[in-house]
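To be precise, the following lines are final17.txt, and they hold compact mmCIF, N, CA and C atoms.
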```
# COMPACT_ATOMS: atom_id res chain seq x y z
N MET A 1 -39.54 -3.56 37.32
CA MET A 1 -38.43 -3.33 38.22
C MET A 1 -37.32 -4.35 37.96
N LYS A 2 -36.13 -3.97 38.27
CA LYS A 2 -34.99 -4.85 38.11
C LYS A 2 -34.85 -5.74 39.34
N ARG A 3 -34.08 -6.82 39.15
CA ARG A 3 -33.87 -7.78 40.25
C ARG A 3 -33.39 -7.06 41.51
N THR A 4 -32.43 -6.16 41.37
CA THR A 4 -31.87 -5.49 42.55
C THR A 4 -32.91 -4.62 43.25
N GLU A 5 -33.78 -3.97 42.47
CA GLU A 5 -34.82 -3.13 43.07
C GLU A 5 -35.83 -3.97 43.84
N ILE A 6 -36.23 -5.08 43.26
CA ILE A 6 -37.19 -5.95 43.93
C ILE A 6 -36.58 -6.56 45.17
N ASP A 7 -35.34 -7.03 45.04
CA ASP A 7 -34.68 -7.64 46.19
C ASP A 7 -34.52 -6.62 47.32
N LYS A 8 -34.25 -5.38 46.98
CA LYS A 8 -34.10 -4.33 47.99
C LYS A 8 -35.39 -4.16 48.79
N ILE A 9 -36.52 -4.26 48.11
CA ILE A 9 -37.82 -4.16 48.81
C ILE A 9 -37.93 -5.27 49.85
N TYR A 10 -37.62 -6.51 49.45
CA TYR A 10 -37.73 -7.63 50.39
C TYR A 10 -36.70 -7.54 51.51
N ARG A 11 -35.53 -6.96 51.24
CA ARG A 11 -34.50 -6.81 52.27
C ARG A 11 -34.84 -5.72 53.28
N ASN A 12 -35.48 -4.63 52.80
CA ASN A 12 -35.63 -3.44 53.63
C ASN A 12 -37.02 -3.22 54.21
N MET A 13 -38.00 -3.96 53.75
CA MET A 13 -39.35 -3.77 54.27
C MET A 13 -39.79 -5.02 55.05
N HIS A 14 -40.56 -4.80 56.07
CA HIS A 14 -41.17 -5.93 56.76
C HIS A 14 -42.18 -6.54 55.79
N PRO A 15 -42.26 -7.89 55.71
CA PRO A 15 -43.19 -8.51 54.76
C PRO A 15 -44.62 -7.98 54.83
N ALA A 16 -45.09 -7.62 56.02
CA ALA A 16 -46.45 -7.10 56.16
C ALA A 16 -46.63 -5.74 55.49
N GLU A 17 -45.53 -5.04 55.23
CA GLU A 17 -45.59 -3.72 54.60
C GLU A 17 -45.50 -3.78 53.08
N ILE A 18 -45.17 -4.93 52.53
CA ILE A 18 -45.04 -5.07 51.08
C ILE A 18 -46.46 -5.23 50.51
N PRO A 19 -46.88 -4.29 49.66
CA PRO A 19 -48.28 -4.26 49.22
C PRO A 19 -48.79 -5.55 48.57
N TRP A 20 -47.95 -6.26 47.84
CA TRP A 20 -48.41 -7.46 47.14
C TRP A 20 -48.21 -8.73 47.97
N ASN A 21 -47.69 -8.59 49.16
CA ASN A 21 -47.46 -9.75 50.01
C ASN A 21 -48.72 -10.01 50.84
N ILE A 22 -49.64 -10.76 50.26
CA ILE A 22 -50.93 -11.04 50.90
C ILE A 22 -50.99 -12.53 51.22
N GLU A 23 -51.23 -12.84 52.47
CA GLU A 23 -51.21 -14.24 52.89
C GLU A 23 -52.40 -15.04 52.38
N THR A 24 -53.56 -14.44 52.34
CA THR A 24 -54.77 -15.14 51.92
C THR A 24 -54.75 -15.36 50.41
N PRO A 25 -54.93 -16.61 49.97
CA PRO A 25 -54.91 -16.86 48.52
C PRO A 25 -56.07 -16.18 47.81
N PRO A 26 -55.86 -15.77 46.57
CA PRO A 26 -56.92 -15.11 45.81
C PRO A 26 -58.14 -16.02 45.61
N LYS A 27 -59.29 -15.40 45.58
CA LYS A 27 -60.55 -16.12 45.41
C LYS A 27 -60.52 -16.98 44.14
N ALA A 28 -59.95 -16.46 43.06
CA ALA A 28 -59.91 -17.20 41.78
C ALA A 28 -59.16 -18.52 41.94
N LEU A 29 -58.07 -18.51 42.67
CA LEU A 29 -57.28 -19.73 42.89
C LEU A 29 -58.07 -20.71 43.77
N VAL A 30 -58.61 -20.21 44.85
CA VAL A 30 -59.38 -21.06 45.77
C VAL A 30 -60.55 -21.71 45.04
N GLU A 31 -61.26 -20.93 44.24
CA GLU A 31 -62.41 -21.47 43.51
C GLU A 31 -62.00 -22.55 42.51
N LEU A 32 -60.89 -22.35 41.82
CA LEU A 32 -60.41 -23.39 40.88
C LEU A 32 -60.13 -24.70 41.60
N VAL A 33 -59.49 -24.59 42.75
CA VAL A 33 -59.13 -25.79 43.51
C VAL A 33 -60.38 -26.43 44.13
N GLU A 34 -61.21 -25.62 44.77
CA GLU A 34 -62.39 -26.17 45.45
C GLU A 34 -63.41 -26.74 44.47
N SER A 35 -63.46 -26.21 43.26
CA SER A 35 -64.40 -26.72 42.26
C SER A 35 -63.89 -28.00 41.60
N GLY A 36 -62.62 -28.30 41.80
CA GLY A 36 -62.03 -29.48 41.17
C GLY A 36 -61.53 -29.23 39.75
N LYS A 37 -61.63 -28.00 39.27
CA LYS A 37 -61.12 -27.68 37.93
C LYS A 37 -59.61 -27.82 37.88
N VAL A 38 -58.96 -27.60 39.01
CA VAL A 38 -57.54 -27.88 39.16
C VAL A 38 -57.41 -28.81 40.35
N LYS A 39 -56.96 -30.03 40.07
CA LYS A 39 -56.78 -31.03 41.13
C LYS A 39 -55.32 -31.03 41.58
N THR A 40 -55.05 -31.66 42.71
CA THR A 40 -53.68 -31.71 43.19
C THR A 40 -52.78 -32.26 42.10
N CYS A 41 -51.68 -31.56 41.88
CA CYS A 41 -50.78 -31.91 40.80
C CYS A 41 -49.44 -31.21 41.00
N LYS A 42 -48.57 -31.42 40.06
CA LYS A 42 -47.27 -30.76 40.05
C LYS A 42 -47.47 -29.33 39.56
N THR A 43 -47.13 -28.36 40.42
CA THR A 43 -47.49 -26.96 40.20
C THR A 43 -46.28 -26.05 40.33
N ILE A 44 -46.27 -24.99 39.53
CA ILE A 44 -45.24 -23.95 39.68
C ILE A 44 -45.93 -22.62 39.95
N ASP A 45 -45.43 -21.93 40.97
CA ASP A 45 -45.90 -20.60 41.33
C ASP A 45 -44.88 -19.61 40.80
N LEU A 46 -45.25 -18.89 39.75
CA LEU A 46 -44.35 -17.96 39.08
C LEU A 46 -44.42 -16.60 39.76
N GLY A 47 -43.27 -16.12 40.23
CA GLY A 47 -43.26 -14.88 41.00
C GLY A 47 -43.85 -15.10 42.37
N CYS A 48 -43.36 -16.13 43.05
CA CYS A 48 -43.98 -16.58 44.30
C CYS A 48 -43.76 -15.66 45.48
N GLY A 49 -42.85 -14.72 45.38
CA GLY A 49 -42.60 -13.83 46.51
C GLY A 49 -42.23 -14.60 47.76
N THR A 50 -42.90 -14.31 48.85
CA THR A 50 -42.60 -14.96 50.14
C THR A 50 -43.28 -16.32 50.29
N GLY A 51 -43.90 -16.80 49.22
CA GLY A 51 -44.40 -18.17 49.20
C GLY A 51 -45.80 -18.41 49.72
N ASN A 52 -46.57 -17.36 49.95
CA ASN A 52 -47.88 -17.54 50.57
C ASN A 52 -48.80 -18.49 49.81
N TYR A 53 -48.91 -18.31 48.51
CA TYR A 53 -49.84 -19.13 47.72
C TYR A 53 -49.27 -20.51 47.45
N ALA A 54 -47.95 -20.60 47.34
CA ALA A 54 -47.31 -21.90 47.22
C ALA A 54 -47.57 -22.73 48.48
N ILE A 55 -47.50 -22.08 49.63
CA ILE A 55 -47.76 -22.76 50.90
C ILE A 55 -49.22 -23.20 50.98
N TYR A 56 -50.13 -22.35 50.55
CA TYR A 56 -51.55 -22.73 50.52
C TYR A 56 -51.72 -24.01 49.70
N LEU A 57 -51.15 -24.02 48.50
CA LEU A 57 -51.30 -25.19 47.62
C LEU A 57 -50.62 -26.43 48.20
N ALA A 58 -49.44 -26.28 48.75
CA ALA A 58 -48.73 -27.42 49.34
C ALA A 58 -49.51 -27.99 50.52
N ASN A 59 -50.14 -27.13 51.29
CA ASN A 59 -50.92 -27.56 52.45
C ASN A 59 -52.10 -28.45 52.06
N ILE A 60 -52.58 -28.31 50.83
CA ILE A 60 -53.72 -29.14 50.40
C ILE A 60 -53.30 -30.23 49.42
N GLY A 61 -52.00 -30.51 49.38
CA GLY A 61 -51.53 -31.68 48.65
C GLY A 61 -50.86 -31.46 47.32
N PHE A 62 -50.72 -30.22 46.86
CA PHE A 62 -50.03 -29.96 45.61
C PHE A 62 -48.52 -30.13 45.78
N ASP A 63 -47.85 -30.60 44.73
CA ASP A 63 -46.39 -30.69 44.68
C ASP A 63 -45.91 -29.39 44.04
N VAL A 64 -45.40 -28.46 44.85
CA VAL A 64 -45.19 -27.09 44.40
C VAL A 64 -43.71 -26.72 44.29
N THR A 65 -43.42 -26.00 43.21
CA THR A 65 -42.16 -25.29 43.04
C THR A 65 -42.52 -23.82 42.95
N GLY A 66 -41.78 -23.00 43.66
CA GLY A 66 -41.99 -21.55 43.61
C GLY A 66 -40.75 -20.88 43.07
N VAL A 67 -40.92 -19.94 42.16
CA VAL A 67 -39.78 -19.19 41.62
C VAL A 67 -40.02 -17.70 41.80
N ASP A 68 -38.93 -17.00 42.07
CA ASP A 68 -38.98 -15.55 42.17
C ASP A 68 -37.61 -14.99 41.82
N ILE A 69 -37.59 -13.80 41.32
CA ILE A 69 -36.35 -13.14 40.92
C ILE A 69 -35.54 -12.66 42.12
N SER A 70 -36.18 -12.53 43.26
CA SER A 70 -35.54 -11.99 44.46
C SER A 70 -34.99 -13.10 45.36
N PRO A 71 -33.67 -13.12 45.55
CA PRO A 71 -33.09 -14.10 46.49
C PRO A 71 -33.62 -13.92 47.91
N THR A 72 -33.87 -12.69 48.31
CA THR A 72 -34.38 -12.45 49.66
C THR A 72 -35.80 -12.97 49.81
N ALA A 73 -36.64 -12.77 48.79
CA ALA A 73 -38.00 -13.32 48.83
C ALA A 73 -37.97 -14.83 48.95
N ILE A 74 -37.08 -15.47 48.20
CA ILE A 74 -36.97 -16.93 48.25
C ILE A 74 -36.50 -17.39 49.63
N LYS A 75 -35.57 -16.67 50.22
CA LYS A 75 -35.11 -16.99 51.58
C LYS A 75 -36.27 -16.93 52.56
N ILE A 76 -37.06 -15.86 52.47
CA ILE A 76 -38.23 -15.71 53.34
C ILE A 76 -39.24 -16.82 53.06
N ALA A 77 -39.46 -17.13 51.78
CA ALA A 77 -40.42 -18.19 51.41
C ALA A 77 -40.01 -19.53 52.02
N LYS A 78 -38.73 -19.84 51.95
CA LYS A 78 -38.24 -21.10 52.55
C LYS A 78 -38.48 -21.12 54.05
N GLU A 79 -38.24 -19.99 54.71
CA GLU A 79 -38.48 -19.91 56.16
C GLU A 79 -39.97 -20.07 56.46
N ASN A 80 -40.82 -19.42 55.67
CA ASN A 80 -42.27 -19.52 55.87
C ASN A 80 -42.77 -20.95 55.69
N ALA A 81 -42.28 -21.62 54.64
CA ALA A 81 -42.70 -23.00 54.39
C ALA A 81 -42.25 -23.91 55.53
N LYS A 82 -41.05 -23.69 56.02
CA LYS A 82 -40.54 -24.50 57.13
C LYS A 82 -41.42 -24.30 58.37
N LYS A 83 -41.78 -23.05 58.65
CA LYS A 83 -42.65 -22.75 59.80
C LYS A 83 -44.01 -23.43 59.67
N LYS A 84 -44.52 -23.52 58.43
CA LYS A 84 -45.84 -24.12 58.18
C LYS A 84 -45.76 -25.64 58.01
N GLY A 85 -44.53 -26.18 57.98
CA GLY A 85 -44.36 -27.63 57.90
C GLY A 85 -44.66 -28.22 56.53
N VAL A 86 -44.44 -27.45 55.47
CA VAL A 86 -44.66 -27.96 54.12
C VAL A 86 -43.35 -27.96 53.35
N LYS A 87 -43.26 -28.90 52.42
CA LYS A 87 -42.07 -29.02 51.59
C LYS A 87 -42.37 -28.41 50.22
N ILE A 88 -41.60 -27.40 49.86
CA ILE A 88 -41.75 -26.72 48.58
C ILE A 88 -40.36 -26.48 48.02
N ASN A 89 -40.21 -26.67 46.73
CA ASN A 89 -38.95 -26.40 46.06
C ASN A 89 -38.95 -24.94 45.62
N PHE A 90 -38.21 -24.09 46.31
CA PHE A 90 -38.12 -22.67 45.95
C PHE A 90 -36.82 -22.41 45.20
N LEU A 91 -36.93 -21.65 44.11
CA LEU A 91 -35.77 -21.35 43.27
C LEU A 91 -35.72 -19.86 42.94
N VAL A 92 -34.50 -19.32 42.94
CA VAL A 92 -34.31 -17.97 42.43
C VAL A 92 -34.21 -18.10 40.92
N ALA A 93 -35.14 -17.45 40.22
CA ALA A 93 -35.17 -17.53 38.76
C ALA A 93 -35.93 -16.33 38.20
N ASP A 94 -35.51 -15.91 37.02
CA ASP A 94 -36.14 -14.79 36.33
C ASP A 94 -37.06 -15.35 35.25
N VAL A 95 -38.35 -15.10 35.36
CA VAL A 95 -39.31 -15.62 34.39
C VAL A 95 -39.11 -15.03 33.00
N LEU A 96 -38.32 -13.98 32.91
CA LEU A 96 -38.00 -13.38 31.61
C LEU A 96 -36.61 -13.79 31.12
N GLY A 97 -35.95 -14.64 31.89
CA GLY A 97 -34.65 -15.16 31.49
C GLY A 97 -34.83 -16.49 30.77
N ASP A 98 -33.83 -17.34 30.87
CA ASP A 98 -33.92 -18.64 30.19
C ASP A 98 -34.56 -19.72 31.06
N LEU A 99 -34.77 -19.43 32.32
CA LEU A 99 -35.37 -20.37 33.29
C LEU A 99 -34.63 -21.71 33.34
N ASP A 100 -33.33 -21.69 33.14
CA ASP A 100 -32.54 -22.92 33.23
C ASP A 100 -32.61 -23.56 34.61
N GLU A 101 -32.93 -22.76 35.62
CA GLU A 101 -33.03 -23.29 36.99
C GLU A 101 -34.20 -24.27 37.10
N VAL A 102 -35.18 -24.12 36.26
CA VAL A 102 -36.37 -24.98 36.30
C VAL A 102 -36.14 -26.16 35.37
N LYS A 103 -35.96 -27.33 35.96
CA LYS A 103 -35.60 -28.54 35.21
C LYS A 103 -36.78 -29.46 34.93
N GLU A 104 -37.96 -29.08 35.40
CA GLU A 104 -39.13 -29.96 35.30
C GLU A 104 -40.23 -29.30 34.46
N THR A 105 -41.27 -30.07 34.22
CA THR A 105 -42.48 -29.51 33.62
C THR A 105 -43.61 -29.69 34.63
N PHE A 106 -44.70 -28.94 34.41
CA PHE A 106 -45.74 -28.86 35.42
C PHE A 106 -47.13 -29.02 34.80
N ASP A 107 -48.06 -29.47 35.64
CA ASP A 107 -49.45 -29.63 35.22
C ASP A 107 -50.25 -28.34 35.42
N PHE A 108 -49.75 -27.49 36.30
CA PHE A 108 -50.44 -26.24 36.61
C PHE A 108 -49.39 -25.16 36.85
N ALA A 109 -49.50 -24.08 36.10
CA ALA A 109 -48.63 -22.91 36.30
C ALA A 109 -49.50 -21.78 36.80
N TYR A 110 -49.02 -21.11 37.81
CA TYR A 110 -49.82 -20.12 38.49
C TYR A 110 -49.02 -18.83 38.65
N ASP A 111 -49.65 -17.72 38.39
CA ASP A 111 -49.04 -16.41 38.62
C ASP A 111 -50.14 -15.47 39.04
N TRP A 112 -49.93 -14.78 40.13
CA TRP A 112 -50.91 -13.81 40.59
C TRP A 112 -50.22 -12.46 40.68
N GLU A 113 -50.70 -11.53 39.84
CA GLU A 113 -50.19 -10.17 39.82
C GLU A 113 -48.73 -10.09 39.38
N LEU A 114 -48.33 -10.94 38.46
CA LEU A 114 -46.99 -10.84 37.89
C LEU A 114 -47.06 -10.40 36.43
N LEU A 115 -47.86 -11.06 35.63
CA LEU A 115 -47.92 -10.78 34.20
C LEU A 115 -48.20 -9.31 33.90
N HIS A 116 -49.08 -8.70 34.65
CA HIS A 116 -49.41 -7.30 34.34
C HIS A 116 -48.27 -6.34 34.66
N HIS A 117 -47.25 -6.81 35.38
CA HIS A 117 -46.06 -6.00 35.65
C HIS A 117 -45.01 -6.14 34.55
N ILE A 118 -45.21 -7.08 33.66
CA ILE A 118 -44.25 -7.31 32.58
C ILE A 118 -44.62 -6.41 31.41
N PHE A 119 -43.66 -5.61 30.97
CA PHE A 119 -43.91 -4.71 29.84
C PHE A 119 -44.31 -5.52 28.62
N PRO A 120 -45.25 -5.00 27.82
CA PRO A 120 -45.75 -5.74 26.66
C PRO A 120 -44.67 -6.31 25.75
N GLU A 121 -43.59 -5.57 25.53
CA GLU A 121 -42.54 -6.06 24.65
C GLU A 121 -41.76 -7.25 25.22
N LYS A 122 -41.92 -7.52 26.51
CA LYS A 122 -41.23 -8.66 27.14
C LYS A 122 -42.16 -9.84 27.39
N ARG A 123 -43.43 -9.68 27.14
CA ARG A 123 -44.41 -10.74 27.45
C ARG A 123 -44.23 -11.97 26.58
N LYS A 124 -43.74 -11.80 25.36
CA LYS A 124 -43.53 -12.96 24.48
C LYS A 124 -42.58 -13.97 25.14
N LYS A 125 -41.51 -13.48 25.74
CA LYS A 125 -40.55 -14.36 26.41
C LYS A 125 -41.21 -15.07 27.59
N TYR A 126 -42.03 -14.35 28.33
CA TYR A 126 -42.75 -14.94 29.46
C TYR A 126 -43.66 -16.07 28.97
N VAL A 127 -44.42 -15.80 27.94
CA VAL A 127 -45.34 -16.81 27.39
C VAL A 127 -44.55 -18.02 26.88
N GLU A 128 -43.45 -17.79 26.21
CA GLU A 128 -42.61 -18.90 25.73
C GLU A 128 -42.10 -19.75 26.89
N ASN A 129 -41.68 -19.09 27.96
CA ASN A 129 -41.20 -19.83 29.14
C ASN A 129 -42.31 -20.64 29.79
N VAL A 130 -43.48 -20.05 29.94
CA VAL A 130 -44.61 -20.78 30.52
C VAL A 130 -44.95 -21.98 29.63
N TYR A 131 -44.99 -21.76 28.35
CA TYR A 131 -45.30 -22.84 27.40
C TYR A 131 -44.29 -23.99 27.52
N ARG A 132 -43.02 -23.64 27.69
CA ARG A 132 -41.95 -24.65 27.77
C ARG A 132 -42.05 -25.49 29.04
N ILE A 133 -42.44 -24.89 30.14
CA ILE A 133 -42.45 -25.63 31.41
C ILE A 133 -43.82 -26.23 31.75
N LEU A 134 -44.82 -25.92 30.95
CA LEU A 134 -46.17 -26.44 31.19
C LEU A 134 -46.40 -27.69 30.33
N ASN A 135 -46.87 -28.75 30.96
CA ASN A 135 -47.18 -29.97 30.23
C ASN A 135 -48.25 -29.70 29.17
N ALA A 136 -48.32 -30.55 28.17
CA ALA A 136 -49.20 -30.35 27.03
C ALA A 136 -50.66 -30.09 27.44
N ARG A 137 -51.14 -30.79 28.43
CA ARG A 137 -52.53 -30.60 28.87
C ARG A 137 -52.60 -29.80 30.17
N GLY A 138 -51.52 -29.08 30.45
CA GLY A 138 -51.45 -28.30 31.69
C GLY A 138 -52.35 -27.08 31.66
N LYS A 139 -52.56 -26.51 32.84
CA LYS A 139 -53.42 -25.34 32.98
C LYS A 139 -52.61 -24.18 33.53
N TYR A 140 -53.06 -22.98 33.20
CA TYR A 140 -52.37 -21.76 33.62
C TYR A 140 -53.39 -20.78 34.18
N LEU A 141 -53.06 -20.19 35.31
CA LEU A 141 -53.85 -19.11 35.88
C LEU A 141 -52.89 -17.98 36.17
```

Please express what this file holds, its structure, as structure tokens.
Amino acid sequence: MKRTEIDKIYRNMHPAEIPWNIETPPKALVELVESGKVKTCKTIDLGCGTGNYAIYLANIGFDVTGVDISPTAIKIAKENAKKKGVKINFLVADVLGDLDEVKETFDFAYDWELLHHIFPEKRKKYVENVYRILNARGKYL
């Protein structure tokens, strides 16, 4: 989907009606954190949507940046983080663009249900962007 189509969904639907807007973090993420395989660190949530998983990570001590292509999703994410009392750096950015908005590198890059939405011919750019913003010994889920 294009930026305008995704943003329209966030503008016109209640967050509870958006199929991918799930507040509970995925079991795979929780298990990585609880097992200690991923410790608190500087983290980026790619395609963060309304910020649910970024908020989960920030609540347990991660230094989180969340990026999403939708300005409306980022607005909602900022409001959600404020309500939960956590500080997260949310940015409007396209993971298939140049990601100039992202000025840092990270120890952990996280994406849940984003990569499979990227057409195969565009995945190379996504992988290059993740590689550029992930520290040499960083982890990706």

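Considering the residues A:Glu121, A:Glu128, A:Asp111, A:Asp7 and counting only N, CA and C atoms, Tyr140 (chain A) has its shortest atom-to-atom contact with A:Asp111.
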
Quiz item: Counting all atoms listed in the file, which of A:Leu96, A:Gly85, A:Lys103, A:His14 gets nearest to Lys125 (chain A)?
Solution: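 When distances to Lys125 (chain A) are compared using all atoms listed in the file, the smallest one comes from A:Leu96.
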
Quiz item: Which is closer to Arg137 (chain A) than all the others in A:Asp107, A:Glu113, A:Asp98, A:Asp45, using only C-alpha atoms?
Solution: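 For Arg137 (chain A), the nearest of the candidates is A:Asp107.
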
Exercise. Determine which residues of region 75-116 of chain A receive a DSSP assignment of helix (DSSP H, G or I), computed from the backbone, and state them as a ChimeraX atom specification.
Key: /A:75-84,115-116

Self-check item: Option closest in space to Lys27 (chain A), from A:Trp112, A:Gly51, A:Arg123, A:Glu104 [counting only C-alpha atoms]
Solution: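 When distances to Lys27 (chain A) are compared using only C-alpha atoms, the smallest one comes from A:Trp112.
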
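Among the candidates A:Glu23, A:Glu34, A:Glu5, A:Asp100, the residue lying nearest to Pro71 (chain A) is A:Glu5 (atoms considered: only C-alpha atoms).
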
Quiz item: Any idea what's packed within 8 Å of Lys139 (chain A), counting only C-alpha atoms, ignoring anything in its chain fewer than 6 positions away? Could you give it as a list in words?
Solution: Val38, Asp107, Phe108 and Ala109 of chain A

Would you put the residues from that selection into a file with N, CA and C atoms, as a PDB file, in the frame of the given file?
```pdb
ATOM      1  N   VAL A  38     -58.960 -27.600  39.010  1.00  0.00           N
ATOM      2  CA  VAL A  38     -57.540 -27.880  39.160  1.00  0.00           C
ATOM      3  C   VAL A  38     -57.410 -28.810  40.350  1.00  0.00           C
ATOM      4  N   ASP A 107     -48.060 -29.470  35.640  1.00  0.00           N
ATOM      5  CA  ASP A 107     -49.450 -29.630  35.220  1.00  0.00           C
ATOM      6  C   ASP A 107     -50.250 -28.340  35.420  1.00  0.00           C
ATOM      7  N   PHE A 108     -49.750 -27.490  36.300  1.00  0.00           N
ATOM      8  CA  PHE A 108     -50.440 -26.240  36.610  1.00  0.00           C
ATOM      9  C   PHE A 108     -49.390 -25.160  36.850  1.00  0.00           C
ATOM     10  N   ALA A 109     -49.500 -24.080  36.100  1.00  0.00           N
ATOM     11  CA  ALA A 109     -48.630 -22.910  36.300  1.00  0.00           C
ATOM     12  C   ALA A 109     -49.500 -21.780  36.800  1.00  0.00           C
TER      13      ALA A 109
END
```

Quiz prompt | d(CA of Thr72 (chain A), CA of Phe90 (chain A)) in Å | solution = 11.5 Å

Quiz item: Among region 31-62 of chain A, which ones does DSSP place in strand (DSSP E), written as a count of residues only?
Solution: 5

Quiz item: Do you have the CA of Tyr126 (chain A)-CA of Tyr56 (chain A) distance handy?
Solution: 24.1 Å
